[in-house]
Amino acid sequence: MRQLILLLTISLLIAVMSSAAPANAENADRHIEMLDFDSFAPRLSQEDDSIYVINFWATWCAPCVREIPAFEQLHANYSDKKVKVLLVSLDFPNHLESRVIPFLEQHQVQSEVILLDDPNSNRWIPLVSEQWSGAIPATVIYSNSFRGFYEREFKYEELEEIIESVL
Amino acid sequence: MKRILLVMMLGLFSTGLIAQGYEVGDVATDFRLLNVDGNYVSLSDYEDAKGIVLIFSCNHCPYVVAYEDRMIELHNRYAPKGFPVVAVNPNDSIVVPADSYTKMIERAAEKNFPFAYLLDADQAVFPVYGATRTPHIFLLEKVEDEFIVAYIGAIDDNFRDASAVEEPYLANAIDALLAGRRPDPVFTRAIGCTIKVQQ
């Protein structure tokens, strides 16, 4: 009897693991780092010849969700021109698995995504930009020769216009 | 020369450099907005108040929801001392159906809000104050018959966990006013939901 239970358990485990394997493989390239502000801060001041587009968003923020395709299009059209898009989720950390990752999979988001987990936003908002009131969506676009901050929703053409002027 | 100045001023206005709403020390304009109980409410109705904790708020924003219980506590603690909370929903309900007047009434009943919860139906109040997000707090101090902006910003430094708050900015600011001191800091920032207007 014991052997039978053991056998059943093992076969059940194998079944579960093999069915879970494809999902794990997908999640493997969809790894979302959770960072506090100090760990994230270097991403705001990288000194090389790229243009960095850093968008602050959340799955619960309707205008943010609306403009994600514009950033995705930017990522698709300009990644060979050294434009790097980073989507910084301000979702609550306990929603990473239940909301953020399902959202990214559903919309097949290709841009890099991290989750900024730092509740003391009064400290770090002005370090992102003195102009930022804290409302999202908000976007920083910078290069060695340019720095722009935008507390607003973007359409693709508007993003492209900025990038073309910085390139 | 005057004309050049005027043109420069217009340029600044149009780029939004000047039209930023209130700063601490400004006189807050009164309003007349519909409360969830069906009555209209103005700042001047609070005759015996020492000030008002004006909170631009709404139903749908997760950051507001995270703060609702703290807003209730603040009202229960400070209304008897002369600083009642007055919440104002500035969102367009066509853009955000969850923030309609009917839904406001439902939310106020569910949470048993002890404070006024008003609708900025014409979306004319929030731009004057310079509110950009929910929640966004404007602490007003009554000086003679005027309400003066005394603090602008966040409720505290941890939206997620009330028990982990290190600096209760708003409560500290009210305590300072009650003690006859100036709040410090007078301005803080926080992540919040943009105020929704039709495009």
# chains A, B, ... in the order shown; residues from 1 in each chain; ligands from 1
$ residues_around --residues "B:Val53" --least-positions-apart "3" --cutoff "8 Å" --atoms "only C-alpha atoms" --output "NGL selection string"
:B and (83-86 or 137-140)
$ interface_residues --of "chain A" --to "chain B" --cutoff "7 Å" --atoms "only C-alpha atoms" --output "number ranges by chain"
A: 61, 119-122, 125, 133-136
$ atom_distance --atom1 "atom CA of B:Val64" --atom2 "atom CA of B:Leu43"
22.2 Å
$ residues_around --residues "B:Gly82" --least-positions-apart "6" --cutoff "7 Å" --atoms "only C-alpha atoms" --output "ChimeraX atom specification"
/B:49-51
$ write_last_selection --atoms "C-alpha atoms" --output "tab-separated table (two decimals), in the first residue's frame"
chain	number	residue	atom	x	y	z
B	49	ALA	CA	-13.31	75.20	12.14
B	50	LYS	CA	-9.69	76.20	12.65
B	51	GLY	CA	-8.97	74.81	9.23
$ atom_distance --atom1 "atom CA of A:Phe103" --atom2 "atom CA of A:Ala76"
18.7 Å
$ residues_around --residues "B:Gly38" --least-positions-apart "2" --cutoff "12 Å" --atoms "only C-alpha atoms" --output "short mmCIF file (atom, residue, chain, number, x, y, z; two decimals) with N, CA and C atoms, in the first residue's frame"
data_model
loop_
_atom_site.label_atom_id
_atom_site.label_comp_id
_atom_site.auth_asym_id
_atom_site.auth_seq_id
_atom_site.Cartn_x
_atom_site.Cartn_y
_atom_site.Cartn_z
N LEU B 33 -19.87 72.65 -3.72
CA LEU B 33 -19.90 71.36 -4.41
C LEU B 33 -20.88 70.42 -3.74
N LEU B 34 -21.42 69.51 -4.55
CA LEU B 34 -22.45 68.59 -4.07
C LEU B 34 -21.82 67.47 -3.24
N ASN B 35 -22.36 67.30 -2.04
CA ASN B 35 -21.92 66.24 -1.14
C ASN B 35 -22.71 64.95 -1.41
N VAL B 36 -22.18 63.84 -0.94
CA VAL B 36 -22.88 62.56 -1.14
C VAL B 36 -24.23 62.51 -0.41
N TYR B 40 -25.23 70.83 -0.75
CA TYR B 40 -24.03 71.52 -1.24
C TYR B 40 -23.17 71.96 -0.05
N VAL B 41 -21.85 71.88 -0.23
CA VAL B 41 -20.93 72.22 0.85
C VAL B 41 -19.91 73.24 0.35
N TYR B 101 -21.04 60.11 -9.32
CA TYR B 101 -21.69 60.56 -8.07
C TYR B 101 -22.40 59.41 -7.38
N THR B 102 -23.09 58.58 -8.15
CA THR B 102 -23.79 57.42 -7.57
C THR B 102 -22.80 56.48 -6.88
N MET B 104 -19.92 57.29 -5.74
CA MET B 104 -19.40 57.98 -4.55
C MET B 104 -20.31 57.76 -3.36
N ILE B 105 -21.62 57.86 -3.62
CA ILE B 105 -22.60 57.64 -2.54
C ILE B 105 -22.45 56.22 -1.99
N ALA B 116 -17.37 64.94 4.71
CA ALA B 116 -18.03 65.29 3.45
C ALA B 116 -17.22 64.72 2.29
N TYR B 117 -17.93 64.20 1.29
CA TYR B 117 -17.28 63.66 0.09
C TYR B 117 -17.97 64.32 -1.09
N LEU B 118 -17.28 65.29 -1.68
CA LEU B 118 -17.90 66.19 -2.65
C LEU B 118 -17.46 65.86 -4.07
N LEU B 119 -18.31 66.23 -5.02
CA LEU B 119 -17.99 66.02 -6.44
C LEU B 119 -17.65 67.36 -7.09
#
$ atom_distance --atom1 "atom CA of B:Ile52" --atom2 "atom CA of A:Glu151"
28.3 Å
$ closest_residue --among "B:Tyr22, B:Phe31, B:Tyr67, B:Tyr46" --to "B:Val88" --atoms "only C-alpha atoms"
B:Phe31
$ select_by_dssp --residues "stretch 6-159 of chain A" --states "alpha helix (DSSP H)" --output "ChimeraX atom specification"
/A:6-29,37-40,62-78,101-106,121-128,156-159
$ closest_residue --among "B:Arg107, B:Ala150, B:Ser57, B:Ala176" --to "B:Ala87" --atoms "only C-alpha atoms"
B:Ser57
$ closest_atom_pairs --of "stretch 22-107 of chain B" --to "stretch 121-130 of chain B" --cutoff "10 Å" --atoms "only C-alpha atoms" --output "CSV"
residue,atom,partner,partner_atom,distance
B:Tyr22,CA,B:Tyr129,CA,5.2
B:Glu23,CA,B:Tyr129,CA,8.6
B:Asp26,CA,B:Tyr129,CA,9.7
B:Val27,CA,B:Tyr129,CA,10.0
B:Ala28,CA,B:Tyr129,CA,7.3
B:Thr29,CA,B:Val128,CA,7.9
B:Asp30,CA,B:Val125,CA,8.9
B:Phe31,CA,B:Val125,CA,7.2
B:Arg32,CA,B:Val125,CA,9.4
B:Leu33,CA,B:Ala121,CA,7.6
B:Leu34,CA,B:Ala121,CA,8.1
B:Phe56,CA,B:Phe126,CA,7.7
B:Val88,CA,B:Phe126,CA,8.6
B:Asn89,CA,B:Ala121,CA,8.3
B:Pro90,CA,B:Gln123,CA,5.8
B:Asn91,CA,B:Gln123,CA,7.3
B:Asp92,CA,B:Gln123,CA,7.5
B:Ser93,CA,B:Ala121,CA,9.0
B:Ser100,CA,B:Ala121,CA,9.5
B:Tyr101,CA,B:Ala121,CA,8.8
$ closest_residue --among "A:Ser50, A:Ser89, A:Gln110, A:Ser143" --to "A:Asp36" --atoms "only C-alpha atoms"
A:Ser89
